[in-house]
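Trainee: Provided below: run22.cif, containing mmCIF, C-alpha atoms.
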```cif
data_my_file
#
loop_
_atom_site.label_atom_id
_atom_site.label_comp_id
_atom_site.auth_asym_id
_atom_site.auth_seq_id
_atom_site.Cartn_x
_atom_site.Cartn_y
_atom_site.Cartn_z
CA GLY A 1 -73.13 -51.92 -2.05
CA LEU A 2 -69.53 -53.20 -2.16
CA ASN A 3 -67.79 -55.10 0.59
CA ALA A 4 -64.57 -53.57 1.91
CA ASN A 5 -62.53 -56.46 0.47
CA GLU A 6 -63.75 -55.56 -3.03
CA VAL A 7 -62.11 -52.14 -2.93
CA THR A 8 -58.37 -51.61 -3.37
CA CYS A 9 -56.66 -48.27 -2.82
CA HIS A 10 -53.05 -47.42 -3.58
CA VAL A 11 -51.66 -44.21 -2.11
CA THR A 12 -48.17 -42.90 -2.71
CA ARG A 13 -46.31 -41.47 0.26
CA VAL A 14 -47.93 -38.18 1.26
CA GLY A 15 -45.89 -37.08 4.29
CA GLY A 16 -47.29 -36.13 7.68
CA GLY A 17 -50.74 -37.34 8.67
CA PHE A 18 -52.50 -34.13 9.62
CA GLY A 19 -54.70 -31.49 8.05
CA GLY A 20 -55.98 -32.26 4.58
CA LYS A 21 -54.57 -35.78 4.71
CA GLU A 22 -56.08 -36.56 8.09
CA SER A 23 -59.63 -35.29 7.95
CA ARG A 24 -60.33 -33.57 4.64
CA ASN A 25 -59.36 -36.49 2.42
CA MET A 26 -62.96 -37.65 2.00
CA ILE A 27 -63.78 -35.09 -0.71
CA PRO A 28 -61.24 -36.38 -3.27
CA CYS A 29 -61.82 -39.99 -2.10
CA ILE A 30 -65.54 -39.77 -2.89
CA ALA A 31 -64.82 -38.37 -6.37
CA ILE A 32 -62.29 -41.13 -7.10
CA ALA A 33 -64.55 -43.89 -5.78
CA LEU A 34 -67.54 -42.69 -7.79
CA ALA A 35 -65.52 -42.46 -11.02
CA ALA A 36 -63.96 -45.91 -10.48
CA TYR A 37 -67.35 -47.47 -9.78
CA GLU A 38 -69.08 -45.86 -12.76
CA LEU A 39 -66.23 -46.67 -15.19
CA GLN A 40 -65.37 -50.05 -13.62
CA LEU A 41 -61.74 -49.05 -14.09
CA PRO A 42 -58.95 -47.92 -11.79
CA VAL A 43 -58.94 -44.13 -11.36
CA ARG A 44 -56.04 -41.95 -10.33
CA LEU A 45 -56.28 -38.40 -9.04
CA ARG A 46 -53.33 -36.04 -8.89
CA LEU A 47 -53.98 -32.51 -7.67
CA THR A 48 -51.81 -29.45 -8.07
CA ARG A 49 -50.86 -27.82 -4.78
CA GLU A 50 -53.35 -25.02 -5.47
CA GLU A 51 -56.20 -27.48 -6.15
CA ASP A 52 -55.27 -29.46 -3.05
CA MET A 53 -55.40 -26.36 -0.84
CA LYS A 54 -58.77 -25.29 -2.27
CA ILE A 55 -60.29 -28.72 -1.66
CA THR A 56 -58.69 -29.86 1.58
CA GLY A 57 -58.36 -26.50 3.34
CA HIS A 58 -55.52 -24.50 4.80
CA ARG A 59 -54.44 -22.72 7.99
CA HIS A 60 -57.15 -20.88 9.94
CA PRO A 61 -57.10 -17.10 9.53
CA PHE A 62 -57.50 -15.35 12.89
CA LYS A 63 -58.89 -12.11 14.20
CA ILE A 64 -57.36 -11.31 17.57
CA LEU A 65 -58.69 -8.61 19.89
CA TYR A 66 -57.01 -7.72 23.15
CA LYS A 67 -56.67 -5.28 26.01
CA VAL A 68 -53.35 -5.23 27.83
CA GLY A 69 -52.19 -3.60 31.04
CA PHE A 70 -48.50 -3.00 31.77
CA LEU A 71 -46.19 -0.94 33.96
CA LYS A 72 -44.03 1.96 32.74
CA ASN A 73 -41.09 -0.39 32.37
CA GLY A 74 -43.10 -2.78 30.14
CA LYS A 75 -43.83 -5.47 32.72
CA LEU A 76 -47.08 -7.24 31.82
CA LYS A 77 -49.79 -7.01 34.46
CA SER A 78 -53.01 -8.03 32.71
CA LEU A 79 -54.18 -9.33 29.37
CA ASP A 80 -57.68 -9.96 28.08
CA ILE A 81 -57.44 -11.67 24.70
CA ARG A 82 -60.14 -12.93 22.35
CA LEU A 83 -59.27 -15.29 19.50
CA PHE A 84 -61.60 -15.79 16.53
CA GLY A 85 -60.53 -18.63 14.24
CA ASN A 86 -62.17 -18.84 10.81
CA GLY A 87 -63.16 -22.50 10.59
CA GLY A 88 -64.90 -22.15 7.25
CA CYS A 89 -68.06 -24.08 6.39
CA SER A 90 -67.46 -27.12 8.65
CA ALA A 91 -65.97 -27.79 12.07
CA ASP A 92 -63.20 -30.14 10.87
CA SER A 93 -60.41 -29.78 13.48
CA SER A 94 -61.18 -26.15 14.32
CA LEU A 95 -62.04 -26.70 18.00
CA PHE A 96 -58.90 -28.76 18.68
CA MET A 97 -56.78 -26.23 16.84
CA LEU A 98 -58.39 -23.34 18.74
CA GLU A 99 -57.62 -25.01 22.07
CA ARG A 100 -53.96 -25.21 21.10
CA THR A 101 -53.96 -21.55 20.05
CA MET A 102 -55.45 -20.61 23.41
CA THR A 103 -52.76 -22.48 25.37
CA HIS A 104 -49.95 -20.89 23.34
CA CYS A 105 -51.02 -17.25 23.34
CA ASP A 106 -48.84 -16.47 26.36
CA ASN A 107 -45.79 -17.60 24.35
CA ILE A 108 -42.81 -17.35 26.74
CA TYR A 109 -44.17 -14.37 28.68
CA LYS A 110 -45.53 -14.23 32.21
CA CYS A 111 -48.68 -12.19 32.74
CA GLU A 112 -50.13 -12.08 36.26
CA ASN A 113 -53.75 -11.71 35.24
CA MET A 114 -54.81 -13.28 31.99
CA ARG A 115 -58.17 -14.07 30.46
CA VAL A 116 -58.29 -15.98 27.17
CA ARG A 117 -61.45 -16.59 25.17
CA GLY A 118 -61.65 -18.34 21.84
CA ARG A 119 -64.28 -18.97 19.19
CA ALA A 120 -64.20 -21.16 16.11
CA CYS A 121 -66.29 -19.24 13.60
CA ARG A 122 -68.40 -20.87 10.90
CA THR A 123 -68.29 -18.85 7.70
CA ASN A 124 -69.31 -19.25 4.08
CA LEU A 125 -65.72 -20.02 3.06
CA PRO A 126 -64.16 -23.44 2.36
CA SER A 127 -63.43 -25.40 5.52
CA ASN A 128 -60.03 -24.84 7.14
CA THR A 129 -58.03 -27.60 8.72
CA ALA A 130 -54.96 -28.51 10.74
CA MET A 131 -51.54 -27.39 9.51
CA ARG A 132 -48.04 -27.73 10.86
CA GLY A 133 -48.01 -26.31 14.39
CA PHE A 134 -51.74 -26.95 14.78
CA GLY A 135 -52.74 -23.54 16.15
CA ALA A 136 -49.56 -22.86 18.11
CA PRO A 137 -48.00 -20.39 15.60
CA GLU A 138 -51.11 -18.20 15.69
CA GLY A 139 -51.06 -17.99 19.49
CA LEU A 140 -47.30 -17.44 19.71
CA LEU A 141 -47.46 -14.68 17.10
CA ALA A 142 -50.29 -12.94 18.96
CA ALA A 143 -48.13 -12.67 22.10
CA ASP A 144 -45.15 -11.31 20.17
CA ILE A 145 -47.29 -8.72 18.40
CA ILE A 146 -48.60 -7.55 21.79
CA ILE A 147 -45.04 -7.26 23.16
CA ASP A 148 -43.98 -5.32 20.05
CA GLN A 149 -46.88 -2.90 20.44
CA ILE A 150 -46.10 -2.35 24.14
CA SER A 151 -42.49 -1.62 23.19
CA THR A 152 -43.52 0.81 20.44
CA TYR A 153 -45.90 2.59 22.81
CA LEU A 154 -43.24 3.01 25.53
CA GLN A 155 -40.26 3.77 23.27
CA PRO A 156 -41.18 4.30 19.60
CA ASN A 157 -37.65 3.66 18.32
CA GLY A 158 -36.63 1.36 21.15
CA ASP A 159 -35.51 -2.25 21.32
CA SER A 160 -38.41 -4.65 21.95
CA SER A 161 -35.97 -7.29 23.24
CA ILE A 162 -35.78 -5.34 26.52
CA ILE A 163 -39.54 -5.77 27.03
CA ARG A 164 -39.35 -9.42 25.98
CA GLU A 165 -36.56 -10.21 28.42
CA LEU A 166 -38.37 -8.48 31.26
CA ASN A 167 -41.44 -10.70 30.77
CA ILE A 168 -39.89 -14.13 30.10
CA TYR A 169 -41.17 -16.84 32.46
CA LYS A 170 -38.86 -17.74 35.32
CA PRO A 171 -38.54 -21.25 36.80
CA GLY A 172 -41.21 -21.88 39.42
CA GLU A 173 -43.75 -19.52 37.86
CA LYS A 174 -47.04 -20.84 36.53
CA THR A 175 -48.66 -20.29 33.17
CA TYR A 176 -52.16 -18.87 33.10
CA PHE A 177 -53.49 -22.42 32.64
CA ASN A 178 -51.62 -23.54 35.78
CA GLN A 179 -48.61 -25.37 34.31
CA THR A 180 -45.52 -24.92 36.49
CA ILE A 181 -42.36 -23.86 34.65
CA GLU A 182 -39.81 -26.47 35.73
CA LYS A 183 -36.15 -25.39 35.83
CA LYS A 184 -34.98 -28.70 34.30
CA ASP A 185 -37.22 -28.19 31.25
CA TRP A 186 -37.06 -24.40 30.85
CA HIS A 187 -34.18 -23.53 28.53
CA VAL A 188 -35.51 -20.24 27.14
CA PRO A 189 -33.51 -17.89 29.44
CA GLU A 190 -30.27 -19.72 28.61
CA MET A 191 -31.03 -19.71 24.87
CA TRP A 192 -31.97 -16.02 25.06
CA THR A 193 -28.64 -15.12 26.70
CA LYS A 194 -26.66 -17.13 24.15
CA LEU A 195 -28.52 -15.63 21.19
CA LYS A 196 -27.97 -12.09 22.46
CA LYS A 197 -24.23 -12.76 22.41
CA THR A 198 -24.02 -14.69 19.13
CA ALA A 199 -26.80 -13.45 16.85
CA GLU A 200 -25.80 -9.78 16.70
#
```
Starting from the file, lay out its structure as structure tokens.
Mentor:
Amino acid sequence: GLNANEVTCHVTRVGGGFGGKESRNMIPCIAIALAAYELQLPVRLRLTREEDMKITGHRHPFKILYKVGFLKNGKLKSLDIRLFGNGGCSADSSLFMLERTMTHCDNIYKCENMRVRGRACRTNLPSNTAMRGFGAPEGLLAADIIIDQISTYLQPNGDSSIIRELNIYKPGEKTYFNQTIEKKDWHVPEMWTKLKKTAE
């Protein structure tokens, strides 16, 4: 029953505006507002990091299933990948995050035939939310795990960097979602060559 101009909120600097601060802030806000209204006094809430994560959520756990086809030299030919993101008990930003995971699961690797399917799963766990990278790390990691497993299959004690280098996108190629790799923007091959020389 209060007008907006009758409510004053003071918030100390909290850093980036995503995840728990962007969408899951309503849970602590409701508790603070109710206490302030009932007591008719200013109320301050300070959570430990553990309490904050339990209330406002954390990164989505993923189950990733895939089938991959490749040549004897490790060149990727086909990949069918299914991504299951645990959204918890509410949607929050799960669908947006899943979309980002789906567009990053090729990482830097060209695969001629690729099918990607994703599902945000509702579970009986606390809701999960956006975190730094917003789904990209999960997709990138999936691709690198697949490359590692191909390498281990072909040469159990071999160097997975050989398989990685073989599959890196080249300028002019297209991603599975039809984005052209432009030479002026594609610095991965150059960085790869430099790191091989300098990183030991």
Trainee: Distance CA of Gly158 in chain A-CA of Asp144 in chain A, one decimal place?
Mentor: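 Result for CA of Gly158 in chain A versus CA of Asp144 in chain A: 15.3 Å, one decimal.
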Trainee: Looking at A:Ile30, A:Leu95, A:Cys89, A:Val7, which one is nearest to Gly135 in chain A, with distances taken over all atoms listed in the file?
Mentor: A:Leu95
Trainee: Between A:Arg24, A:Arg49, A:Lys63, A:Lys197, which residue has the minimum interatomic distance to Ser127 in chain A, considering all atoms listed in the file?
Mentor: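 Closest to Ser127 in chain A of all the choices is A:Arg24.
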Trainee: Near His58 in chain A, within 7 Å and counting all atoms listed in the file, which residues show up once chain neighbours fewer than 6 positions away are dropped, as a ChimeraX atom specification?
Mentor: /A:128-129,131
Trainee: Give the answer as one residue: which of A:Asn113, A:Asn157, A:Asn5, A:Asn167 has the shortest atom-to-atom distance to Val188 in chain A, using only C-alpha atoms?
Mentor: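 So, comparing all the options, the nearest one is A:Asn167.
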Trainee: Which is closest to Arg115 in chain A among A:Arg82, A:Lys77, A:Arg13, A:Lys184, if we use only C-alpha atoms?
Mentor: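 Once distances to Arg115 in chain A are computed over only C-alpha atoms, the minimum belongs to A:Arg82.
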Trainee: Complete the atom set of range 80-91 of chain A to all heavy atoms and return it as an mmCIF file, in the frame of the given file.
Mentor:
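What ended up in result.cif:
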```cif
data_model
loop_
_atom_site.group_PDB
_atom_site.id
_atom_site.type_symbol
_atom_site.label_atom_id
_atom_site.label_comp_id
_atom_site.auth_asym_id
_atom_site.auth_seq_id
_atom_site.Cartn_x
_atom_site.Cartn_y
_atom_site.Cartn_z
ATOM 1 N N ASP A 80 -56.389 -9.384 28.435
ATOM 2 C CA ASP A 80 -57.680 -9.960 28.080
ATOM 3 C C ASP A 80 -57.643 -10.151 26.565
ATOM 4 O O ASP A 80 -57.619 -9.174 25.818
ATOM 5 C CB ASP A 80 -58.811 -9.016 28.495
ATOM 6 C CG ASP A 80 -60.199 -9.596 28.245
ATOM 7 O OD1 ASP A 80 -60.296 -10.746 27.762
ATOM 8 O OD2 ASP A 80 -61.184 -8.891 28.522
ATOM 9 N N ILE A 81 -57.615 -11.398 26.128
ATOM 10 C CA ILE A 81 -57.440 -11.670 24.700
ATOM 11 C C ILE A 81 -58.576 -12.534 24.173
ATOM 12 O O ILE A 81 -59.012 -13.484 24.843
ATOM 13 C CB ILE A 81 -56.052 -12.320 24.430
ATOM 14 C CG1 ILE A 81 -55.760 -12.449 22.937
ATOM 15 C CG2 ILE A 81 -55.912 -13.645 25.135
ATOM 16 C CD1 ILE A 81 -54.317 -12.785 22.615
ATOM 17 N N ARG A 82 -59.081 -12.156 23.006
ATOM 18 C CA ARG A 82 -60.140 -12.930 22.350
ATOM 19 C C ARG A 82 -59.628 -13.381 20.978
ATOM 20 O O ARG A 82 -59.141 -12.570 20.194
ATOM 21 C CB ARG A 82 -61.409 -12.100 22.206
ATOM 22 C CG ARG A 82 -62.072 -11.825 23.551
ATOM 23 C CD ARG A 82 -63.389 -11.112 23.418
ATOM 24 N NE ARG A 82 -63.164 -9.748 22.952
ATOM 25 C CZ ARG A 82 -64.102 -9.024 22.356
ATOM 26 N NH1 ARG A 82 -65.306 -9.504 22.145
ATOM 27 N NH2 ARG A 82 -63.835 -7.788 21.963
ATOM 28 N N LEU A 83 -59.772 -14.675 20.728
ATOM 29 C CA LEU A 83 -59.270 -15.290 19.500
ATOM 30 C C LEU A 83 -60.452 -15.784 18.674
ATOM 31 O O LEU A 83 -61.267 -16.563 19.165
ATOM 32 C CB LEU A 83 -58.361 -16.470 19.847
ATOM 33 C CG LEU A 83 -57.224 -16.177 20.827
ATOM 34 C CD1 LEU A 83 -56.688 -17.468 21.430
ATOM 35 C CD2 LEU A 83 -56.122 -15.411 20.146
ATOM 36 N N PHE A 84 -60.529 -15.358 17.435
ATOM 37 C CA PHE A 84 -61.600 -15.790 16.530
ATOM 38 C C PHE A 84 -60.961 -16.518 15.350
ATOM 39 O O PHE A 84 -60.334 -15.880 14.503
ATOM 40 C CB PHE A 84 -62.416 -14.598 16.037
ATOM 41 C CG PHE A 84 -63.086 -13.824 17.139
ATOM 42 C CD1 PHE A 84 -62.457 -12.746 17.736
ATOM 43 C CD2 PHE A 84 -64.346 -14.191 17.583
ATOM 44 C CE1 PHE A 84 -63.065 -12.029 18.753
ATOM 45 C CE2 PHE A 84 -64.978 -13.484 18.605
ATOM 46 C CZ PHE A 84 -64.332 -12.410 19.187
ATOM 47 N N GLY A 85 -61.099 -17.834 15.323
ATOM 48 C CA GLY A 85 -60.530 -18.630 14.240
ATOM 49 C C GLY A 85 -61.572 -18.902 13.168
ATOM 50 O O GLY A 85 -62.667 -19.380 13.463
ATOM 51 N N ASN A 86 -61.242 -18.601 11.916
ATOM 52 C CA ASN A 86 -62.170 -18.840 10.810
ATOM 53 C C ASN A 86 -62.112 -20.314 10.426
ATOM 54 O O ASN A 86 -61.201 -20.762 9.743
ATOM 55 C CB ASN A 86 -61.778 -17.949 9.622
ATOM 56 C CG ASN A 86 -62.721 -18.114 8.446
ATOM 57 O OD1 ASN A 86 -63.479 -19.065 8.362
ATOM 58 N ND2 ASN A 86 -62.649 -17.183 7.523
ATOM 59 N N GLY A 87 -63.113 -21.069 10.877
ATOM 60 C CA GLY A 87 -63.160 -22.500 10.590
ATOM 61 C C GLY A 87 -63.671 -22.826 9.203
ATOM 62 O O GLY A 87 -63.505 -23.942 8.732
ATOM 63 N N GLY A 88 -64.302 -21.869 8.547
ATOM 64 C CA GLY A 88 -64.900 -22.150 7.250
ATOM 65 C C GLY A 88 -66.272 -22.783 7.429
ATOM 66 O O GLY A 88 -66.933 -22.607 8.449
ATOM 67 N N CYS A 89 -66.676 -23.576 6.434
ATOM 68 C CA CYS A 89 -68.060 -24.080 6.390
ATOM 69 C C CYS A 89 -68.298 -25.338 7.227
ATOM 70 O O CYS A 89 -69.430 -25.793 7.341
ATOM 71 C CB CYS A 89 -68.470 -24.322 4.947
ATOM 72 S SG CYS A 89 -67.481 -25.591 4.137
ATOM 73 N N SER A 90 -67.253 -25.939 7.801
ATOM 74 C CA SER A 90 -67.460 -27.120 8.650
ATOM 75 C C SER A 90 -66.478 -27.084 9.815
ATOM 76 O O SER A 90 -65.457 -26.402 9.761
ATOM 77 C CB SER A 90 -67.292 -28.415 7.847
ATOM 78 O OG SER A 90 -65.936 -28.614 7.509
ATOM 79 N N ALA A 91 -66.788 -27.830 10.850
ATOM 80 C CA ALA A 91 -65.970 -27.790 12.070
ATOM 81 C C ALA A 91 -64.578 -28.364 11.846
ATOM 82 O O ALA A 91 -63.590 -27.829 12.342
ATOM 83 C CB ALA A 91 -66.670 -28.527 13.198
#
```
